[in-house]
file query.csv (CSV, N, CA and C atoms)
chain,number,residue,atom,x,y,z
A,1,MET,N,-31.2,36.1,-18.0
A,1,MET,CA,-32.0,35.8,-19.2
A,1,MET,C,-33.5,35.7,-18.8
A,2,ILE,N,-34.3,36.3,-19.7
A,2,ILE,CA,-35.7,36.2,-19.5
A,2,ILE,C,-36.2,34.8,-19.8
A,3,ASN,N,-37.2,34.4,-18.9
A,3,ASN,CA,-37.7,33.0,-19.2
A,3,ASN,C,-38.5,33.0,-20.5
A,4,ARG,N,-38.6,31.8,-21.0
A,4,ARG,CA,-39.2,31.6,-22.4
A,4,ARG,C,-40.6,32.2,-22.5
A,5,PRO,N,-41.5,32.0,-21.6
A,5,PRO,CA,-42.9,32.6,-21.8
A,5,PRO,C,-42.8,34.1,-21.9
A,6,THR,N,-42.0,34.7,-21.0
A,6,THR,CA,-41.9,36.2,-21.0
A,6,THR,C,-41.3,36.6,-22.3
A,7,TYR,N,-40.2,35.9,-22.7
A,7,TYR,CA,-39.6,36.3,-24.0
A,7,TYR,C,-40.6,36.3,-25.1
A,8,LYS,N,-41.4,35.2,-25.2
A,8,LYS,CA,-42.4,35.1,-26.3
A,8,LYS,C,-43.5,36.2,-26.2
A,9,ILE,N,-43.9,36.5,-25.0
A,9,ILE,CA,-44.9,37.5,-24.8
A,9,ILE,C,-44.4,38.9,-25.3
A,10,PHE,N,-43.2,39.3,-24.9
A,10,PHE,CA,-42.6,40.5,-25.3
A,10,PHE,C,-42.3,40.5,-26.8
A,11,LEU,N,-41.9,39.4,-27.3
A,11,LEU,CA,-41.7,39.3,-28.8
A,11,LEU,C,-43.0,39.6,-29.5
A,12,TRP,N,-44.1,39.0,-29.1
A,12,TRP,CA,-45.3,39.2,-29.8
A,12,TRP,C,-45.8,40.6,-29.6
A,13,VAL,N,-45.6,41.2,-28.5
A,13,VAL,CA,-46.0,42.6,-28.2
A,13,VAL,C,-45.2,43.5,-29.2
A,14,TYR,N,-43.9,43.2,-29.3
A,14,TYR,CA,-43.0,44.1,-30.1
A,14,TYR,C,-43.4,43.9,-31.6
A,15,ALA,N,-43.6,42.7,-32.0
A,15,ALA,CA,-44.0,42.4,-33.4
A,15,ALA,C,-45.3,43.1,-33.7
A,16,LEU,N,-46.3,42.9,-32.8
A,16,LEU,CA,-47.6,43.4,-33.1
A,16,LEU,C,-47.6,45.0,-33.1
A,17,PHE,N,-46.7,45.6,-32.3
A,17,PHE,CA,-46.5,47.0,-32.3
A,17,PHE,C,-46.2,47.5,-33.7
A,18,TYR,N,-45.2,46.8,-34.4
A,18,TYR,CA,-44.8,47.2,-35.7
A,18,TYR,C,-45.9,46.9,-36.8
A,19,ILE,N,-46.5,45.8,-36.6
A,19,ILE,CA,-47.6,45.4,-37.6
A,19,ILE,C,-48.7,46.5,-37.5
A,20,LEU,N,-49.1,46.8,-36.3
A,20,LEU,CA,-50.2,47.8,-36.2
A,20,LEU,C,-49.8,49.2,-36.6
A,21,ALA,N,-48.5,49.6,-36.2
A,21,ALA,CA,-48.0,50.9,-36.6
A,21,ALA,C,-47.9,51.0,-38.1
A,22,GLY,N,-47.5,49.9,-38.8
A,22,GLY,CA,-47.5,49.9,-40.2
A,22,GLY,C,-48.9,50.0,-40.8
A,23,CYS,N,-49.8,49.3,-40.3
A,23,CYS,CA,-51.2,49.4,-40.8
A,23,CYS,C,-51.7,50.9,-40.6
A,24,ASN,N,-51.3,51.5,-39.5
A,24,ASN,CA,-51.7,52.9,-39.3
A,24,ASN,C,-51.3,53.8,-40.4
A,25,HIS,N,-50.2,53.5,-41.1
A,25,HIS,CA,-49.7,54.4,-42.2
A,25,HIS,C,-50.8,54.4,-43.3
A,26,PHE,N,-51.5,53.3,-43.4
A,26,PHE,CA,-52.6,53.3,-44.4
A,26,PHE,C,-53.9,53.8,-43.9
A,27,LEU,N,-54.1,53.8,-42.6
A,27,LEU,CA,-55.4,54.2,-42.1
A,27,LEU,C,-55.4,55.7,-41.7
A,28,SER,N,-54.2,56.2,-41.4
A,28,SER,CA,-54.1,57.6,-40.9
A,28,SER,C,-53.0,58.3,-41.8
A,29,THR,N,-53.0,58.2,-43.0
A,29,THR,CA,-52.0,58.7,-43.9
A,29,THR,C,-51.8,60.2,-43.7
A,30,ALA,N,-52.9,60.9,-43.6
A,30,ALA,CA,-52.8,62.4,-43.5
A,30,ALA,C,-52.0,62.8,-42.3
A,31,VAL,N,-52.1,62.1,-41.2
A,31,VAL,CA,-51.3,62.4,-40.0
A,31,VAL,C,-49.8,62.3,-40.3
A,32,TYR,N,-49.4,61.3,-41.1
A,32,TYR,CA,-48.0,61.2,-41.4
A,32,TYR,C,-47.4,62.3,-42.3
A,33,TYR,N,-48.3,62.8,-43.1
A,33,TYR,CA,-47.8,64.0,-43.9
A,33,TYR,C,-47.4,65.1,-43.0
A,34,GLY,N,-48.0,65.2,-41.8
A,34,GLY,CA,-47.7,66.3,-40.9
A,34,GLY,C,-46.3,66.2,-40.2
A,35,ILE,N,-45.8,65.0,-40.2
A,35,ILE,CA,-44.5,64.8,-39.6
A,35,ILE,C,-43.4,64.5,-40.6
A,36,MET,N,-43.7,64.5,-41.8
A,36,MET,CA,-42.8,64.3,-42.9
A,36,MET,C,-42.0,65.5,-43.2
A,37,PRO,N,-40.6,65.5,-43.0
A,37,PRO,CA,-39.8,66.6,-43.3
A,37,PRO,C,-40.1,67.1,-44.8
A,38,LYS,N,-40.2,68.4,-45.0
A,38,LYS,CA,-40.5,68.9,-46.3
A,38,LYS,C,-39.4,68.6,-47.3
A,39,TRP,N,-38.2,68.4,-46.9
A,39,TRP,CA,-37.1,68.2,-47.9
A,39,TRP,C,-37.1,66.8,-48.4
A,40,LEU,N,-37.8,65.9,-47.8
A,40,LEU,CA,-37.9,64.5,-48.3
A,40,LEU,C,-38.7,64.4,-49.6
A,41,PRO,N,-38.3,63.7,-50.6
A,41,PRO,CA,-39.1,63.6,-51.9
A,41,PRO,C,-40.2,62.6,-51.7
A,42,ALA,N,-41.2,62.7,-52.5
A,42,ALA,CA,-42.3,61.7,-52.6
A,42,ALA,C,-42.8,61.3,-51.2
A,43,PRO,N,-43.4,62.2,-50.4
A,43,PRO,CA,-43.8,61.9,-49.1
A,43,PRO,C,-44.9,60.8,-49.1
A,44,GLY,N,-45.8,60.8,-50.0
A,44,GLY,CA,-46.8,59.8,-50.0
A,44,GLY,C,-46.2,58.4,-50.2
A,45,PHE,N,-45.3,58.2,-51.1
A,45,PHE,CA,-44.6,57.0,-51.3
A,45,PHE,C,-43.9,56.5,-50.0
A,46,LEU,N,-43.2,57.5,-49.4
A,46,LEU,CA,-42.4,57.1,-48.2
A,46,LEU,C,-43.3,56.7,-47.1
A,47,ILE,N,-44.5,57.3,-47.0
A,47,ILE,CA,-45.4,57.0,-45.9
A,47,ILE,C,-45.9,55.5,-46.1
A,48,TYR,N,-46.3,55.2,-47.3
A,48,TYR,CA,-46.8,53.9,-47.6
A,48,TYR,C,-45.7,52.8,-47.5
A,49,PHE,N,-44.5,53.2,-48.1
A,49,PHE,CA,-43.4,52.3,-48.1
A,49,PHE,C,-43.0,52.0,-46.6
A,50,SER,N,-42.9,53.0,-45.8
A,50,SER,CA,-42.5,52.7,-44.4
A,50,SER,C,-43.5,51.9,-43.7
A,51,GLY,N,-44.8,52.1,-44.0
A,51,GLY,CA,-45.9,51.2,-43.4
A,51,GLY,C,-45.7,49.8,-43.8
A,52,VAL,N,-45.4,49.5,-45.1
A,52,VAL,CA,-45.2,48.2,-45.6
A,52,VAL,C,-44.0,47.6,-44.9
A,53,LEU,N,-42.9,48.3,-44.7
A,53,LEU,CA,-41.7,47.8,-44.1
A,53,LEU,C,-42.0,47.5,-42.6
A,54,GLU,N,-42.7,48.3,-41.9
A,54,GLU,CA,-43.1,48.0,-40.5
A,54,GLU,C,-43.9,46.7,-40.4
A,55,ILE,N,-44.8,46.5,-41.3
A,55,ILE,CA,-45.7,45.3,-41.3
A,55,ILE,C,-44.8,44.1,-41.6
A,56,VAL,N,-44.0,44.2,-42.6
A,56,VAL,CA,-43.1,43.0,-43.0
A,56,VAL,C,-42.1,42.7,-41.9
A,57,PHE,N,-41.5,43.7,-41.3
A,57,PHE,CA,-40.5,43.5,-40.3
A,57,PHE,C,-41.2,42.9,-39.0
A,58,GLY,N,-42.4,43.4,-38.7
A,58,GLY,CA,-43.1,42.8,-37.6
A,58,GLY,C,-43.4,41.4,-37.7
A,59,PHE,N,-43.8,41.0,-38.9
A,59,PHE,CA,-44.0,39.5,-39.2
A,59,PHE,C,-42.7,38.7,-39.2
A,60,LEU,N,-41.7,39.3,-39.7
A,60,LEU,CA,-40.4,38.6,-39.8
A,60,LEU,C,-39.8,38.3,-38.4
A,61,LEU,N,-40.2,39.2,-37.4
A,61,LEU,CA,-39.8,39.0,-36.0
A,61,LEU,C,-40.3,37.7,-35.4
A,62,LEU,N,-41.5,37.3,-35.9
A,62,LEU,CA,-42.2,36.1,-35.3
A,62,LEU,C,-41.6,34.8,-35.7
A,63,PHE,N,-40.7,34.8,-36.6
A,63,PHE,CA,-40.1,33.5,-37.1
A,63,PHE,C,-38.6,33.5,-36.7
A,64,LYS,N,-38.2,32.4,-36.0
A,64,LYS,CA,-36.8,32.3,-35.6
A,64,LYS,C,-35.8,32.5,-36.7
A,65,LYS,N,-36.1,31.9,-37.9
A,65,LYS,CA,-35.2,32.0,-39.0
A,65,LYS,C,-35.0,33.4,-39.5
A,66,THR,N,-35.9,34.3,-39.3
A,66,THR,CA,-35.8,35.6,-39.8
A,66,THR,C,-35.7,36.7,-38.8
A,67,ARG,N,-35.7,36.3,-37.5
A,67,ARG,CA,-35.7,37.2,-36.4
A,67,ARG,C,-34.5,38.1,-36.3
A,68,LYS,N,-33.3,37.6,-36.5
A,68,LYS,CA,-32.1,38.4,-36.5
A,68,LYS,C,-32.1,39.4,-37.6
A,69,LEU,N,-32.5,39.0,-38.8
A,69,LEU,CA,-32.6,39.9,-39.9
A,69,LEU,C,-33.6,41.0,-39.6
A,70,ALA,N,-34.8,40.6,-39.1
A,70,ALA,CA,-35.8,41.6,-38.8
A,70,ALA,C,-35.3,42.6,-37.8
A,71,ALA,N,-34.6,42.1,-36.8
A,71,ALA,CA,-34.1,43.0,-35.7
A,71,ALA,C,-33.2,44.1,-36.3
A,72,ILE,N,-32.2,43.7,-37.1
A,72,ILE,CA,-31.3,44.6,-37.8
A,72,ILE,C,-32.0,45.6,-38.7
A,73,LEU,N,-33.0,45.1,-39.4
A,73,LEU,CA,-33.7,45.9,-40.4
A,73,LEU,C,-34.6,47.0,-39.6
A,74,ILE,N,-35.1,46.6,-38.4
A,74,ILE,CA,-35.9,47.5,-37.6
A,74,ILE,C,-34.9,48.6,-37.1
A,75,ILE,N,-33.8,48.2,-36.6
A,75,ILE,CA,-32.8,49.2,-36.1
A,75,ILE,C,-32.5,50.2,-37.2
A,76,LEU,N,-32.2,49.7,-38.4
A,76,LEU,CA,-31.9,50.6,-39.6
A,76,LEU,C,-33.1,51.5,-39.9
A,77,MET,N,-34.3,50.9,-39.9
A,77,MET,CA,-35.5,51.7,-40.2
A,77,MET,C,-35.7,52.8,-39.1
A,78,LEU,N,-35.4,52.5,-37.9
A,78,LEU,CA,-35.6,53.5,-36.8
A,78,LEU,C,-34.6,54.6,-37.0
A,79,ILE,N,-33.4,54.3,-37.4
A,79,ILE,CA,-32.4,55.3,-37.7
A,79,ILE,C,-32.9,56.2,-38.9
A,80,ALA,N,-33.4,55.5,-39.9
A,80,ALA,CA,-33.9,56.3,-41.0
A,80,ALA,C,-35.1,57.2,-40.7
A,81,PHE,N,-35.8,56.8,-39.6
A,81,PHE,CA,-36.9,57.7,-39.2
A,81,PHE,C,-36.5,58.9,-38.4
A,82,MET,N,-35.2,58.9,-38.0
A,82,MET,CA,-34.8,60.0,-37.1
A,82,MET,C,-35.0,61.4,-37.7
A,83,PRO,N,-34.9,61.6,-39.0
A,83,PRO,CA,-35.2,63.0,-39.5
A,83,PRO,C,-36.6,63.4,-39.2
A,84,ALA,N,-37.6,62.5,-39.2
A,84,ALA,CA,-39.0,62.8,-38.9
A,84,ALA,C,-39.1,63.2,-37.5
A,85,HIS,N,-38.4,62.6,-36.6
A,85,HIS,CA,-38.4,62.9,-35.2
A,85,HIS,C,-37.8,64.3,-34.9
A,86,ILE,N,-36.7,64.5,-35.6
A,86,ILE,CA,-36.0,65.8,-35.4
A,86,ILE,C,-36.9,66.9,-36.0
A,87,TYR,N,-37.6,66.6,-37.1
A,87,TYR,CA,-38.5,67.6,-37.7
A,87,TYR,C,-39.6,67.9,-36.7
A,88,MET,N,-40.1,66.9,-36.0
A,88,MET,CA,-41.2,67.1,-35.1
A,88,MET,C,-40.7,68.1,-34.0
A,89,ILE,N,-39.5,67.9,-33.5
A,89,ILE,CA,-39.0,68.8,-32.5
A,89,ILE,C,-38.9,70.2,-33.0
A,90,GLN,N,-38.5,70.4,-34.2
A,90,GLN,CA,-38.3,71.7,-34.8
A,90,GLN,C,-39.7,72.4,-35.1
A,91,LYS,N,-40.7,71.5,-35.4
A,91,LYS,CA,-42.0,72.0,-35.7
A,91,LYS,C,-42.9,72.3,-34.5
A,92,ALA,N,-42.7,71.6,-33.4
A,92,ALA,CA,-43.5,71.7,-32.2
A,92,ALA,C,-43.6,73.1,-31.7
A,93,PRO,N,-44.8,73.5,-31.2
A,93,PRO,CA,-46.0,72.8,-31.0
A,93,PRO,C,-46.8,72.7,-32.3
A,94,PHE,N,-47.5,71.6,-32.4
A,94,PHE,CA,-48.4,71.4,-33.6
A,94,PHE,C,-49.4,70.3,-33.3
A,95,MET,N,-50.5,70.3,-34.0
A,95,MET,CA,-51.5,69.2,-33.9
A,95,MET,C,-51.1,68.1,-34.8
A,96,LEU,N,-51.1,66.9,-34.2
A,96,LEU,CA,-50.9,65.7,-35.0
A,96,LEU,C,-52.2,64.9,-34.8
A,97,GLY,N,-53.0,65.0,-35.8
A,97,GLY,CA,-54.4,64.5,-35.7
A,97,GLY,C,-55.1,65.2,-34.6
A,98,LYS,N,-55.5,64.5,-33.6
A,98,LYS,CA,-56.2,65.1,-32.4
A,98,LYS,C,-55.3,65.3,-31.2
A,99,ILE,N,-54.0,65.1,-31.4
A,99,ILE,CA,-53.0,65.2,-30.3
A,99,ILE,C,-52.2,66.5,-30.5
A,100,MET,N,-52.0,67.2,-29.5
A,100,MET,CA,-51.2,68.4,-29.5
A,100,MET,C,-49.7,67.9,-29.1
A,101,VAL,N,-48.8,68.1,-30.1
A,101,VAL,CA,-47.4,67.7,-29.9
A,101,VAL,C,-46.7,68.9,-29.4
A,102,THR,N,-46.4,68.9,-28.1
A,102,THR,CA,-45.6,70.0,-27.5
A,102,THR,C,-44.1,69.7,-27.7
A,103,PRO,N,-43.3,70.7,-27.5
A,103,PRO,CA,-41.9,70.5,-27.6
A,103,PRO,C,-41.4,69.3,-26.7
A,104,LEU,N,-42.0,69.3,-25.5
A,104,LEU,CA,-41.6,68.2,-24.5
A,104,LEU,C,-42.0,66.8,-25.1
A,105,ILE,N,-43.2,66.7,-25.6
A,105,ILE,CA,-43.6,65.4,-26.2
A,105,ILE,C,-42.7,65.1,-27.4
A,106,ALA,N,-42.4,66.0,-28.2
A,106,ALA,CA,-41.5,65.8,-29.4
A,106,ALA,C,-40.1,65.3,-28.9
A,107,TRP,N,-39.6,65.9,-27.9
A,107,TRP,CA,-38.3,65.5,-27.4
A,107,TRP,C,-38.3,64.1,-26.7
A,108,LEU,N,-39.4,63.8,-26.0
A,108,LEU,CA,-39.6,62.5,-25.4
A,108,LEU,C,-39.7,61.3,-26.3
A,109,ARG,N,-40.0,61.6,-27.6
A,109,ARG,CA,-40.1,60.6,-28.6
A,109,ARG,C,-38.7,60.0,-28.9
A,110,LEU,N,-37.7,60.8,-28.8
A,110,LEU,CA,-36.3,60.3,-29.1
A,110,LEU,C,-35.8,59.2,-28.2
A,111,PRO,N,-36.0,59.3,-26.9
A,111,PRO,CA,-35.5,58.2,-26.1
A,111,PRO,C,-36.3,56.9,-26.4
A,112,PHE,N,-37.6,57.0,-26.8
A,112,PHE,CA,-38.3,55.8,-27.1
A,112,PHE,C,-37.7,55.2,-28.4
A,113,GLN,N,-37.2,56.0,-29.3
A,113,GLN,CA,-36.6,55.4,-30.5
A,113,GLN,C,-35.4,54.5,-30.0
A,114,VAL,N,-34.6,55.1,-29.1
A,114,VAL,CA,-33.4,54.3,-28.6
A,114,VAL,C,-33.9,53.1,-27.9
A,115,LEU,N,-35.0,53.2,-27.1
A,115,LEU,CA,-35.5,52.0,-26.4
A,115,LEU,C,-35.9,50.9,-27.4
A,116,PHE,N,-36.6,51.4,-28.5
A,116,PHE,CA,-37.1,50.4,-29.5
A,116,PHE,C,-35.9,49.8,-30.2
A,117,MET,N,-34.8,50.5,-30.4
A,117,MET,CA,-33.6,50.0,-31.0
A,117,MET,C,-33.0,48.9,-30.1
A,118,GLY,N,-33.0,49.3,-28.8
A,118,GLY,CA,-32.4,48.3,-27.9
A,118,GLY,C,-33.3,47.0,-27.8
A,119,TRP,N,-34.6,47.2,-27.9
A,119,TRP,CA,-35.5,46.0,-27.9
A,119,TRP,C,-35.2,45.1,-29.1
A,120,ALA,N,-35.0,45.8,-30.3
A,120,ALA,CA,-34.7,45.0,-31.5
A,120,ALA,C,-33.3,44.3,-31.3
A,121,TRP,N,-32.4,45.1,-30.7
A,121,TRP,CA,-31.0,44.5,-30.5
A,121,TRP,C,-31.1,43.3,-29.6
A,122,TYR,N,-31.9,43.3,-28.6
A,122,TYR,CA,-32.1,42.2,-27.8
A,122,TYR,C,-32.5,40.9,-28.6
A,123,TYR,N,-33.5,41.1,-29.5
A,123,TYR,CA,-33.9,40.0,-30.3
A,123,TYR,C,-32.9,39.6,-31.3
A,124,TYR,N,-32.0,40.5,-31.7
A,124,TYR,CA,-30.9,40.1,-32.6
A,124,TYR,C,-29.9,39.3,-31.8
A,125,ARG,N,-29.6,39.7,-30.6
A,125,ARG,CA,-28.6,38.9,-29.8
A,125,ARG,C,-29.2,37.6,-29.3
A,126,LYS,N,-30.5,37.5,-29.0
A,126,LYS,CA,-31.1,36.3,-28.5
A,126,LYS,C,-32.3,35.9,-29.3
A,127,PRO,N,-32.1,35.4,-30.5
A,127,PRO,CA,-33.2,35.1,-31.4
A,127,PRO,C,-34.0,33.9,-31.1
A,128,ALA,N,-33.6,33.2,-30.0
A,128,ALA,CA,-34.3,31.9,-29.6
A,128,ALA,C,-35.8,32.0,-29.5

call {"tool": "encode", "arguments": {"input": "query.csv", "output": "structure tokens"}}
result
Amino acid sequence: MINRPTYKIFLWVYALFYILAGCNHFLSTAVYYGIMPKWLPAPGFLIYFSGVLEIVFGFLLLFKKTRKLAAILIILMLIAFMPAHIYMIQKAPFMLGKIMVTPLIAWLRLPFQVLFMGWAWYYYRKPA
């Protein structure tokens, strides 16, 4: 078991990651259009909605009473984001803002999604 200070530091890092990622949906909206699968309806709404969800879930992680719920919702959200990651693989190589997304980079994003799901699962199992 991770000691309490380490647990809290990683919890805050994880929560802040989602809060900042969610804010980025509002600051860099055009970038998200580039990774939105064309078959999804209302891409603008989905970009903003997913940003709101990331912000809310990040804040919910910070409170013991809502941590388990936030962890499960993050896992479900990351599963829902999989089509965008698969689309990036299909679309690569392409420019994402100022970053060149190569096929390798697009493929490497998938294991990180699994890592982030595992991180959420940890906070689900140990919400203390």

call {"tool": "closest_atom_pairs", "arguments": {"input": "query.csv", "of": "segment 42-67 of chain A", "to": "segment 16-36 of chain A", "cutoff": "7 Å", "atoms": "all atoms listed in the file", "output": "JSON lines"}}
result
{"residue": "A:Pro43", "atom": "CA", "partner": "A:Met36", "partner_atom": "CA", "distance": 6.7}
{"residue": "A:Ile47", "atom": "C", "partner": "A:His25", "partner_atom": "CA", "distance": 5.6}
{"residue": "A:Tyr48", "atom": "CA", "partner": "A:His25", "partner_atom": "C", "distance": 5.9}
{"residue": "A:Ser50", "atom": "C", "partner": "A:Gly22", "partner_atom": "CA", "distance": 5.7}
{"residue": "A:Gly51", "atom": "CA", "partner": "A:Gly22", "partner_atom": "CA", "distance": 3.8}
{"residue": "A:Val52", "atom": "N", "partner": "A:Gly22", "partner_atom": "CA", "distance": 5.3}
{"residue": "A:Leu53", "atom": "C", "partner": "A:Gly22", "partner_atom": "CA", "distance": 6.5}
{"residue": "A:Glu54", "atom": "C", "partner": "A:Tyr18", "partner_atom": "C", "distance": 4.1}
{"residue": "A:Ile55", "atom": "CA", "partner": "A:Ile19", "partner_atom": "CA", "distance": 4.2}
{"residue": "A:Val56", "atom": "N", "partner": "A:Ile19", "partner_atom": "CA", "distance": 6.3}
{"residue": "A:Phe57", "atom": "C", "partner": "A:Ile19", "partner_atom": "N", "distance": 6.5}
{"residue": "A:Gly58", "atom": "CA", "partner": "A:Ile19", "partner_atom": "N", "distance": 4.6}
{"residue": "A:Phe59", "atom": "N", "partner": "A:Ile19", "partner_atom": "CA", "distance": 6.0}

call {"tool": "axis_aligned_box", "arguments": {"input": "query.csv", "around": "segment 51-56 of chain A", "padding_each_side": "3 Å", "output": "lines of an AutoDock Vina configuration file"}}
result
center_x = -43.8
center_y = 47.4
center_z = -43.0
size_x = 10.2
size_y = 15.4
size_z = 11.2

call {"tool": "residues_around", "arguments": {"input": "query.csv", "residues": "Leu69 of chain A", "least_positions_apart": "5", "cutoff": "8 Å", "atoms": "only N, CA and C atoms", "output": "count of residues only"}}
result
8

call {"tool": "select_by_dssp", "arguments": {"input": "query.csv", "residues": "chain A", "states": "strand (DSSP E or B)", "output": "list of chain:residue names"}}
result
A:Phe94, A:Met95, A:Leu96, A:Ile99, A:Met100, A:Val101

call {"tool": "write_last_selection", "arguments": {"input": "query.csv", "atoms": "N, CA and C atoms", "output": "mmCIF file, in the frame of the given file"}}
result
data_model
loop_
_atom_site.group_PDB
_atom_site.id
_atom_site.type_symbol
_atom_site.label_atom_id
_atom_site.label_comp_id
_atom_site.auth_asym_id
_atom_site.auth_seq_id
_atom_site.Cartn_x
_atom_site.Cartn_y
_atom_site.Cartn_z
ATOM 1 N N PHE A 94 -47.500 71.600 -32.400
ATOM 2 C CA PHE A 94 -48.400 71.400 -33.600
ATOM 3 C C PHE A 94 -49.400 70.300 -33.300
ATOM 4 N N MET A 95 -50.500 70.300 -34.000
ATOM 5 C CA MET A 95 -51.500 69.200 -33.900
ATOM 6 C C MET A 95 -51.100 68.100 -34.800
ATOM 7 N N LEU A 96 -51.100 66.900 -34.200
ATOM 8 C CA LEU A 96 -50.900 65.700 -35.000
ATOM 9 C C LEU A 96 -52.200 64.900 -34.800
ATOM 10 N N ILE A 99 -54.000 65.100 -31.400
ATOM 11 C CA ILE A 99 -53.000 65.200 -30.300
ATOM 12 C C ILE A 99 -52.200 66.500 -30.500
ATOM 13 N N MET A 100 -52.000 67.200 -29.500
ATOM 14 C CA MET A 100 -51.200 68.400 -29.500
ATOM 15 C C MET A 100 -49.700 67.900 -29.100
ATOM 16 N N VAL A 101 -48.800 68.100 -30.100
ATOM 17 C CA VAL A 101 -47.400 67.700 -29.900
ATOM 18 C C VAL A 101 -46.700 68.900 -29.400
#

call {"tool": "closest_residue", "arguments": {"input": "query.csv", "among": "A:Met88, A:Leu78, A:Leu96, A:Ala128", "to": "Phe112 of chain A", "atoms": "only C-alpha atoms"}}
result
A:Leu78

call {"tool": "select_by_dssp", "arguments": {"input": "query.csv", "residues": "segment 7-114 of chain A", "states": "alpha helix (DSSP H)", "output": "ChimeraX atom specification"}}
result
/A:7-27,29-33,43-61,64-80,82-91,103-114

call {"tool": "atom_distance", "arguments": {"input": "query.csv", "atom1": "atom N of Pro41 of chain A", "atom2": "atom C of Trp119 of chain A"}}
result
28.6 Å

call {"tool": "residues_around", "arguments": {"input": "query.csv", "residues": "Pro103 of chain A", "least_positions_apart": "6", "cutoff": "7 Å", "atoms": "all atoms listed in the file", "output": "list of chain:residue names"}}
result
A:Met88, A:Ile89, A:Ala92, A:Pro93, A:Phe94

call {"tool": "atom_distance", "arguments": {"input": "query.csv", "atom1": "atom N of Pro37 of chain A", "atom2": "atom N of Leu73 of chain A"}}
result
22.1 Å

call {"tool": "atom_distance", "arguments": {"input": "query.csv", "atom1": "atom N of Leu76 of chain A", "atom2": "atom CA of Met117 of chain A"}}
result
7.5 Å

call {"tool": "closest_residue", "arguments": {"input": "query.csv", "among": "A:Ala106, A:Asn3, A:Met77, A:Lys65", "to": "Gln90 of chain A", "atoms": "all atoms listed in the file"}}
result
A:Ala106
